[in-house]
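Okay, upload-v4.cif is below, mmCIF, N, CA and C atoms:
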data_query
#
loop_
_atom_site.group_PDB
_atom_site.id
_atom_site.type_symbol
_atom_site.label_atom_id
_atom_site.label_comp_id
_atom_site.auth_asym_id
_atom_site.auth_seq_id
_atom_site.Cartn_x
_atom_site.Cartn_y
_atom_site.Cartn_z
ATOM 1 N N ASP A 220 11.333 -3.739 2.195
ATOM 2 C CA ASP A 220 11.486 -2.976 0.974
ATOM 3 C C ASP A 220 10.879 -3.682 -0.229
ATOM 4 N N GLU A 221 10.882 -5.024 -0.223
ATOM 5 C CA GLU A 221 10.281 -5.760 -1.337
ATOM 6 C C GLU A 221 8.780 -5.505 -1.402
ATOM 7 N N VAL A 222 8.136 -5.477 -0.250
ATOM 8 C CA VAL A 222 6.689 -5.260 -0.208
ATOM 9 C C VAL A 222 6.363 -3.836 -0.644
ATOM 10 N N PHE A 223 7.146 -2.883 -0.200
ATOM 11 C CA PHE A 223 6.939 -1.486 -0.572
ATOM 12 C C PHE A 223 7.111 -1.301 -2.080
ATOM 13 N N THR A 224 8.146 -1.906 -2.638
ATOM 14 C CA THR A 224 8.379 -1.838 -4.080
ATOM 15 C C THR A 224 7.224 -2.480 -4.844
ATOM 16 N N ALA A 225 6.749 -3.622 -4.355
ATOM 17 C CA ALA A 225 5.612 -4.291 -4.997
ATOM 18 C C ALA A 225 4.366 -3.412 -4.947
ATOM 19 N N ALA A 226 4.131 -2.737 -3.836
ATOM 20 C CA ALA A 226 2.967 -1.854 -3.705
ATOM 21 C C ALA A 226 3.046 -0.701 -4.703
ATOM 22 N N LYS A 227 4.227 -0.113 -4.847
ATOM 23 C CA LYS A 227 4.395 0.978 -5.815
ATOM 24 C C LYS A 227 4.147 0.487 -7.236
ATOM 25 N N GLU A 228 4.686 -0.688 -7.570
ATOM 26 C CA GLU A 228 4.524 -1.229 -8.920
ATOM 27 C C GLU A 228 3.057 -1.538 -9.229
ATOM 28 N N VAL A 229 2.331 -2.058 -8.249
ATOM 29 C CA VAL A 229 0.926 -2.399 -8.453
ATOM 30 C C VAL A 229 0.095 -1.139 -8.681
ATOM 31 N N VAL A 230 0.321 -0.114 -7.897
ATOM 32 C CA VAL A 230 -0.433 1.132 -8.080
ATOM 33 C C VAL A 230 -0.103 1.745 -9.442
ATOM 34 N N ALA A 231 1.170 1.773 -9.795
ATOM 35 C CA ALA A 231 1.583 2.352 -11.079
ATOM 36 C C ALA A 231 1.030 1.550 -12.263
ATOM 37 N N ALA A 232 0.965 0.230 -12.129
ATOM 38 C CA ALA A 232 0.468 -0.614 -13.218
ATOM 39 C C ALA A 232 -1.040 -0.484 -13.419
ATOM 40 N N ASN A 233 -1.761 -0.185 -12.340
ATOM 41 C CA ASN A 233 -3.221 -0.107 -12.412
ATOM 42 C C ASN A 233 -3.761 1.306 -12.522
ATOM 43 N N GLY A 234 -2.924 2.290 -12.285
ATOM 44 C CA GLY A 234 -3.403 3.674 -12.300
ATOM 45 C C GLY A 234 -2.239 4.640 -12.282
ATOM 46 N N VAL A 235 -2.304 5.615 -11.381
ATOM 47 C CA VAL A 235 -1.288 6.656 -11.297
ATOM 48 C C VAL A 235 -0.704 6.682 -9.890
ATOM 49 N N LEU A 236 0.599 6.510 -9.791
ATOM 50 C CA LEU A 236 1.304 6.640 -8.513
ATOM 51 C C LEU A 236 1.543 8.123 -8.283
ATOM 52 N N GLN A 237 0.954 8.669 -7.210
ATOM 53 C CA GLN A 237 1.048 10.106 -6.976
ATOM 54 C C GLN A 237 2.133 10.470 -5.979
ATOM 55 N N ASN A 238 2.351 9.633 -4.978
ATOM 56 C CA ASN A 238 3.314 9.994 -3.938
ATOM 57 C C ASN A 238 3.776 8.751 -3.208
ATOM 58 N N GLU A 239 4.971 8.795 -2.694
ATOM 59 C CA GLU A 239 5.468 7.767 -1.801
ATOM 60 C C GLU A 239 6.221 8.471 -0.683
ATOM 61 N N GLY A 240 6.181 7.896 0.499
ATOM 62 C CA GLY A 240 6.819 8.570 1.615
ATOM 63 C C GLY A 240 7.127 7.632 2.760
ATOM 64 N N THR A 241 7.705 8.206 3.799
ATOM 65 C CA THR A 241 8.071 7.457 4.992
ATOM 66 C C THR A 241 7.551 8.195 6.208
ATOM 67 N N VAL A 242 6.942 7.446 7.130
ATOM 68 C CA VAL A 242 6.432 8.014 8.373
ATOM 69 C C VAL A 242 7.325 7.499 9.499
ATOM 70 N N PHE A 243 7.900 8.401 10.265
ATOM 71 C CA PHE A 243 8.805 8.032 11.349
ATOM 72 C C PHE A 243 8.142 8.224 12.705
ATOM 73 N N GLY A 244 8.312 7.268 13.611
ATOM 74 C CA GLY A 244 7.928 7.423 15.001
ATOM 75 C C GLY A 244 6.445 7.419 15.313
ATOM 76 N N GLN A 245 5.584 7.105 14.369
ATOM 77 C CA GLN A 245 4.144 7.117 14.628
ATOM 78 C C GLN A 245 3.563 5.716 14.554
ATOM 79 N N THR A 246 4.353 4.728 14.866
ATOM 80 C CA THR A 246 3.919 3.347 14.735
ATOM 81 C C THR A 246 4.595 2.485 15.787
ATOM 82 N N ASN A 247 4.021 1.341 16.075
ATOM 83 C CA ASN A 247 4.586 0.419 17.057
ATOM 84 C C ASN A 247 5.337 -0.721 16.395
ATOM 85 N N THR A 248 5.854 -0.487 15.213
ATOM 86 C CA THR A 248 6.533 -1.534 14.479
ATOM 87 C C THR A 248 7.980 -1.661 14.925
ATOM 88 N N VAL A 249 8.699 -2.580 14.295
ATOM 89 C CA VAL A 249 10.075 -2.883 14.683
ATOM 90 C C VAL A 249 10.959 -1.640 14.669
ATOM 91 N N ASN A 250 11.014 -0.946 13.564
ATOM 92 C CA ASN A 250 11.891 0.215 13.428
ATOM 93 C C ASN A 250 11.168 1.540 13.640
ATOM 94 N N GLN A 251 9.901 1.479 13.993
ATOM 95 C CA GLN A 251 9.037 2.651 14.108
ATOM 96 C C GLN A 251 9.038 3.456 12.819
ATOM 97 N N ILE A 252 9.029 2.726 11.692
ATOM 98 C CA ILE A 252 8.993 3.338 10.371
ATOM 99 C C ILE A 252 7.886 2.674 9.565
ATOM 100 N N ALA A 253 7.087 3.480 8.916
ATOM 101 C CA ALA A 253 6.071 2.969 7.990
ATOM 102 C C ALA A 253 6.262 3.693 6.657
ATOM 103 N N LYS A 254 6.139 2.943 5.572
ATOM 104 C CA LYS A 254 6.251 3.538 4.245
ATOM 105 C C LYS A 254 4.864 3.620 3.639
ATOM 106 N N THR A 255 4.619 4.700 2.906
ATOM 107 C CA THR A 255 3.285 4.923 2.349
ATOM 108 C C THR A 255 3.345 5.144 0.847
ATOM 109 N N VAL A 256 2.260 4.750 0.191
ATOM 110 C CA VAL A 256 2.078 4.960 -1.241
ATOM 111 C C VAL A 256 0.693 5.560 -1.427
ATOM 112 N N THR A 257 0.591 6.613 -2.215
ATOM 113 C CA THR A 257 -0.718 7.169 -2.551
ATOM 114 C C THR A 257 -0.827 7.259 -4.068
ATOM 115 N N GLY A 258 -2.041 7.102 -4.534
ATOM 116 C CA GLY A 258 -2.265 7.168 -5.974
ATOM 117 C C GLY A 258 -3.741 7.107 -6.284
ATOM 118 N N SER A 259 -4.039 6.891 -7.557
ATOM 119 C CA SER A 259 -5.432 6.726 -7.962
ATOM 120 C C SER A 259 -5.522 5.575 -8.947
ATOM 121 N N VAL A 260 -6.565 4.763 -8.761
ATOM 122 C CA VAL A 260 -6.832 3.607 -9.609
ATOM 123 C C VAL A 260 -8.329 3.608 -9.903
ATOM 124 N N ASN A 261 -8.698 3.540 -11.174
ATOM 125 C CA ASN A 261 -10.108 3.519 -11.574
ATOM 126 C C ASN A 261 -10.906 4.665 -10.942
ATOM 127 N N GLU A 262 -10.350 5.846 -10.966
ATOM 128 C CA GLU A 262 -10.971 7.039 -10.380
ATOM 129 C C GLU A 262 -11.239 6.893 -8.884
ATOM 130 N N ARG A 263 -10.470 6.060 -8.226
ATOM 131 C CA ARG A 263 -10.550 5.879 -6.773
ATOM 132 C C ARG A 263 -9.226 6.333 -6.164
ATOM 133 N N ARG A 264 -9.301 6.974 -5.011
ATOM 134 C CA ARG A 264 -8.084 7.342 -4.297
ATOM 135 C C ARG A 264 -7.594 6.130 -3.516
ATOM 136 N N VAL A 265 -6.296 5.896 -3.555
ATOM 137 C CA VAL A 265 -5.709 4.716 -2.923
ATOM 138 C C VAL A 265 -4.593 5.148 -1.980
ATOM 139 N N TRP A 266 -4.626 4.615 -0.762
ATOM 140 C CA TRP A 266 -3.555 4.802 0.210
ATOM 141 C C TRP A 266 -3.084 3.425 0.648
ATOM 142 N N ILE A 267 -1.783 3.204 0.623
ATOM 143 C CA ILE A 267 -1.212 1.932 1.071
ATOM 144 C C ILE A 267 -0.131 2.246 2.094
ATOM 145 N N ARG A 268 -0.184 1.533 3.213
ATOM 146 C CA ARG A 268 0.810 1.699 4.275
ATOM 147 C C ARG A 268 1.491 0.353 4.492
ATOM 148 N N VAL A 269 2.822 0.340 4.483
ATOM 149 C CA VAL A 269 3.606 -0.880 4.644
ATOM 150 C C VAL A 269 4.447 -0.733 5.907
ATOM 151 N N GLU A 270 4.276 -1.688 6.848
ATOM 152 C CA GLU A 270 4.993 -1.633 8.122
ATOM 153 C C GLU A 270 5.610 -2.998 8.433
ATOM 154 N N GLN A 271 6.818 -3.001 8.942
ATOM 155 C CA GLN A 271 7.451 -4.240 9.368
ATOM 156 C C GLN A 271 7.042 -4.501 10.814
ATOM 157 N N VAL A 272 6.234 -5.555 11.021
ATOM 158 C CA VAL A 272 5.735 -5.887 12.348
ATOM 159 C C VAL A 272 6.793 -6.650 13.136
ATOM 160 N N GLU A 273 7.400 -7.627 12.500
ATOM 161 C CA GLU A 273 8.503 -8.408 13.050
ATOM 162 C C GLU A 273 9.523 -8.544 11.934
ATOM 163 N N PRO A 274 10.730 -9.030 12.244
ATOM 164 C CA PRO A 274 11.742 -9.108 11.182
ATOM 165 C C PRO A 274 11.290 -9.851 9.922
ATOM 166 N N LYS A 275 10.416 -10.846 10.044
ATOM 167 C CA LYS A 275 9.979 -11.590 8.861
ATOM 168 C C LYS A 275 8.496 -11.411 8.551
ATOM 169 N N ILE A 276 7.843 -10.450 9.209
ATOM 170 C CA ILE A 276 6.409 -10.210 8.992
ATOM 171 C C ILE A 276 6.191 -8.737 8.662
ATOM 172 N N THR A 277 5.502 -8.502 7.545
ATOM 173 C CA THR A 277 5.198 -7.142 7.108
ATOM 174 C C THR A 277 3.691 -6.980 6.982
ATOM 175 N N ALA A 278 3.172 -5.890 7.508
ATOM 176 C CA ALA A 278 1.741 -5.602 7.424
ATOM 177 C C ALA A 278 1.496 -4.594 6.304
ATOM 178 N N VAL A 279 0.456 -4.847 5.512
ATOM 179 C CA VAL A 279 0.065 -3.938 4.443
ATOM 180 C C VAL A 279 -1.370 -3.511 4.708
ATOM 181 N N THR A 280 -1.602 -2.211 4.780
ATOM 182 C CA THR A 280 -2.939 -1.666 4.978
ATOM 183 C C THR A 280 -3.310 -0.886 3.721
ATOM 184 N N ILE A 281 -4.466 -1.218 3.150
ATOM 185 C CA ILE A 281 -4.904 -0.560 1.923
ATOM 186 C C ILE A 281 -6.250 0.105 2.171
ATOM 187 N N GLN A 282 -6.347 1.376 1.790
ATOM 188 C CA GLN A 282 -7.598 2.118 1.896
ATOM 189 C C GLN A 282 -7.928 2.677 0.514
ATOM 190 N N THR A 283 -9.157 2.449 0.070
ATOM 191 C CA THR A 283 -9.595 2.966 -1.227
ATOM 192 C C THR A 283 -10.895 3.739 -1.034
ATOM 193 N N LEU A 284 -10.978 4.900 -1.645
ATOM 194 C CA LEU A 284 -12.166 5.735 -1.523
ATOM 195 C C LEU A 284 -12.655 6.190 -2.888
ATOM 196 N N THR A 285 -13.965 6.206 -3.061
ATOM 197 C CA THR A 285 -14.577 6.719 -4.280
ATOM 198 C C THR A 285 -14.596 8.246 -4.226
ATOM 199 N N LYS A 286 -15.055 8.861 -5.285
ATOM 200 C CA LYS A 286 -15.113 10.329 -5.327
ATOM 201 C C LYS A 286 -16.019 10.903 -4.244
ATOM 202 N N VAL A 287 -17.070 10.155 -3.875
ATOM 203 C CA VAL A 287 -17.992 10.660 -2.855
ATOM 204 C C VAL A 287 -17.607 10.214 -1.448
ATOM 205 N N GLY A 288 -16.490 9.508 -1.308
ATOM 206 C CA GLY A 288 -15.997 9.145 0.010
ATOM 207 C C GLY A 288 -16.330 7.749 0.479
ATOM 208 N N GLY A 289 -17.017 6.959 -0.333
ATOM 209 C CA GLY A 289 -17.321 5.582 0.050
ATOM 210 C C GLY A 289 -16.122 4.675 -0.190
ATOM 211 N N SER A 290 -16.059 3.578 0.515
ATOM 212 C CA SER A 290 -14.938 2.658 0.343
ATOM 213 C C SER A 290 -15.208 1.695 -0.809
ATOM 214 N N ASP A 291 -14.145 1.223 -1.431
ATOM 215 C CA ASP A 291 -14.230 0.256 -2.520
ATOM 216 C C ASP A 291 -13.432 -0.976 -2.094
ATOM 217 N N LEU A 292 -14.094 -1.878 -1.389
ATOM 218 C CA LEU A 292 -13.420 -3.052 -0.843
ATOM 219 C C LEU A 292 -12.943 -4.013 -1.922
ATOM 220 N N ASP A 293 -13.663 -4.086 -3.028
ATOM 221 C CA ASP A 293 -13.243 -4.964 -4.120
ATOM 222 C C ASP A 293 -11.901 -4.506 -4.703
ATOM 223 N N LEU A 294 -11.739 -3.207 -4.879
ATOM 224 C CA LEU A 294 -10.482 -2.674 -5.397
ATOM 225 C C LEU A 294 -9.359 -2.907 -4.392
ATOM 226 N N ALA A 295 -9.629 -2.690 -3.109
ATOM 227 C CA ALA A 295 -8.616 -2.922 -2.076
ATOM 228 C C ALA A 295 -8.176 -4.382 -2.072
ATOM 229 N N ALA A 296 -9.122 -5.298 -2.208
ATOM 230 C CA ALA A 296 -8.794 -6.726 -2.235
ATOM 231 C C ALA A 296 -7.982 -7.079 -3.476
ATOM 232 N N MET A 297 -8.343 -6.484 -4.617
ATOM 233 C CA MET A 297 -7.605 -6.748 -5.844
ATOM 234 C C MET A 297 -6.157 -6.265 -5.734
ATOM 235 N N LEU A 298 -5.955 -5.066 -5.188
ATOM 236 C CA LEU A 298 -4.606 -4.526 -5.025
ATOM 237 C C LEU A 298 -3.798 -5.378 -4.052
ATOM 238 N N ASP A 299 -4.434 -5.797 -2.965
ATOM 239 C CA ASP A 299 -3.774 -6.650 -1.975
ATOM 240 C C ASP A 299 -3.304 -7.956 -2.618
ATOM 241 N N LYS A 300 -4.166 -8.547 -3.417
ATOM 242 C CA LYS A 300 -3.833 -9.805 -4.085
ATOM 243 C C LYS A 300 -2.694 -9.607 -5.079
ATOM 244 N N GLN A 301 -2.712 -8.508 -5.828
ATOM 245 C CA GLN A 301 -1.665 -8.254 -6.795
ATOM 246 C C GLN A 301 -0.308 -8.008 -6.134
ATOM 247 N N ILE A 302 -0.314 -7.340 -4.980
ATOM 248 C CA ILE A 302 0.930 -7.130 -4.231
ATOM 249 C C ILE A 302 1.486 -8.486 -3.782
ATOM 250 N N ALA A 303 0.627 -9.337 -3.258
ATOM 251 C CA ALA A 303 1.061 -10.675 -2.812
ATOM 252 C C ALA A 303 1.626 -11.477 -3.977
ATOM 253 N N LEU A 304 0.969 -11.409 -5.143
ATOM 254 C CA LEU A 304 1.455 -12.173 -6.302
ATOM 255 C C LEU A 304 2.795 -11.662 -6.809
ATOM 256 N N LYS A 305 3.027 -10.369 -6.695
ATOM 257 C CA LYS A 305 4.346 -9.824 -7.085
ATOM 258 C C LYS A 305 5.454 -10.368 -6.187
ATOM 259 N N LEU A 306 5.144 -10.611 -4.926
ATOM 260 C CA LEU A 306 6.152 -11.110 -3.995
ATOM 261 C C LEU A 306 6.497 -12.573 -4.242
ATOM 262 N N VAL A 307 5.561 -13.320 -4.816
ATOM 263 C CA VAL A 307 5.786 -14.742 -5.070
ATOM 264 C C VAL A 307 6.700 -14.955 -6.258
ATOM 265 N N ARG A 308 6.647 -14.055 -7.228
ATOM 266 C CA ARG A 308 7.438 -14.202 -8.462
ATOM 267 C C ARG A 308 8.906 -14.069 -8.237
#

Would you mind giving the structure from this file in structure tokens?
Amino acid sequence: DEVFTAAKEVVAANGVLQNEGTVFGQTNTVNQIAKTVTGSVNERRVWIRVEQVEPKITAVTIQTLTKVGGSDLDLAAMLDKQIALKLVR
């Protein structure tokens, strides 16, 4: 939940948080639950998926797309870094 909260805060701080949700039974994680965040940052669409892989390990997947459908790896890396820094504080 800390990682999911950090992901929501990072998207909201950098752009617009559009949706958050939970995906049940479509993952091989511990609880078979994945939480998702969608939004837009710098006119890019952002999708973040947070899954608990093991009790003390959480996986974060970030996908960013431009208006024409290309990926923005720099933005994804920046968001990933900001989520990690929120967890350290």

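Note on the selection: in this file the PyMOL selection byres ((chain A and resi 263) around 8) comes out as Gly258, Ser259, Val260, Asn261, Glu262, Arg264, Val265, Trp266, Gln282, Thr283, Leu284, Thr285, Lys286 and Asp291 of chain A.
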
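Straight-line separation from atom N of Ala231 of chain A to atom N of Ile302 of chain A: 10.4 Å.
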
DSSP on the backbone, then: every residue of segment 221-292 of chain A marked helix (DSSP H, G or I), written as a ChimeraX atom specification.
/A:221-233,292

Rounded to one decimal, what separation in Å do you get between atom CA of Asn250 of chain A and atom N of Glu228 of chain A?
22.2 Å

Can you pull out the residues contacting segment 306-308 of chain A? Cut-off 9 Å, using only C-alpha atoms, and skip same-chain residues under 6 positions away; I want them as a PyMOL selection string.
chain A and resi 221-222+225

Write out as a PyMOL selection string the residues lying within 6 Å of Ile267 of chain A, counting only C-alpha atoms and excluding same-chain residues fewer than 2 positions away.
chain A and resi 255-256+280-281

Just-selected residues, N, CA and C atoms written as a short mmCIF file (atom, residue, chain, number, x, y, z; two decimals), in the coordinates of the input:
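See part.cif below for the written result:
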data_model
loop_
_atom_site.label_atom_id
_atom_site.label_comp_id
_atom_site.auth_asym_id
_atom_site.auth_seq_id
_atom_site.Cartn_x
_atom_site.Cartn_y
_atom_site.Cartn_z
N THR A 255 4.62 4.70 2.91
CA THR A 255 3.28 4.92 2.35
C THR A 255 3.34 5.14 0.85
N VAL A 256 2.26 4.75 0.19
CA VAL A 256 2.08 4.96 -1.24
C VAL A 256 0.69 5.56 -1.43
N THR A 280 -1.60 -2.21 4.78
CA THR A 280 -2.94 -1.67 4.98
C THR A 280 -3.31 -0.89 3.72
N ILE A 281 -4.47 -1.22 3.15
CA ILE A 281 -4.90 -0.56 1.92
C ILE A 281 -6.25 0.10 2.17
#

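If you apply the PyMOL selection byres (((chain A and resi 241 and name CA) around 7) and name CA) to this structure, you end up with Gly240, Val242, Phe243, Ile252, Ala253, Lys254 and Thr255 of chain A.
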
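Going from atom CA of Val287 of chain A to atom C of Val269 of chain A covers 26.6 Å.
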
A:Gln301, A:Gln271, A:Leu292, A:Val229 ranked by distance to Gln251 of chain A, top pick (using all atoms listed in the file):
A:Gln271

Among chain A, which ones does DSSP place in strand (DSSP E), written as a PyMOL selection string?
chain A and resi 234-243+252-260+263-273+276-284

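Considering only C-alpha atoms, the residue among A:Ala303, A:Gly288, A:Glu270, A:Met297 positioned nearest to Asp220 of chain A is A:Glu270.
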
Taking all atoms of segment 273-277 of chain A that the file lists and extending 8 Å past them on each side, where is the centre of the axis-aligned box and how long are its edges? Answer in Å to one decimal, as JSON.
{"center_x": 7.7, "center_y": -9.3, "center_z": 10.0, "size_x": 24.1, "size_y": 20.6, "size_z": 22.1}
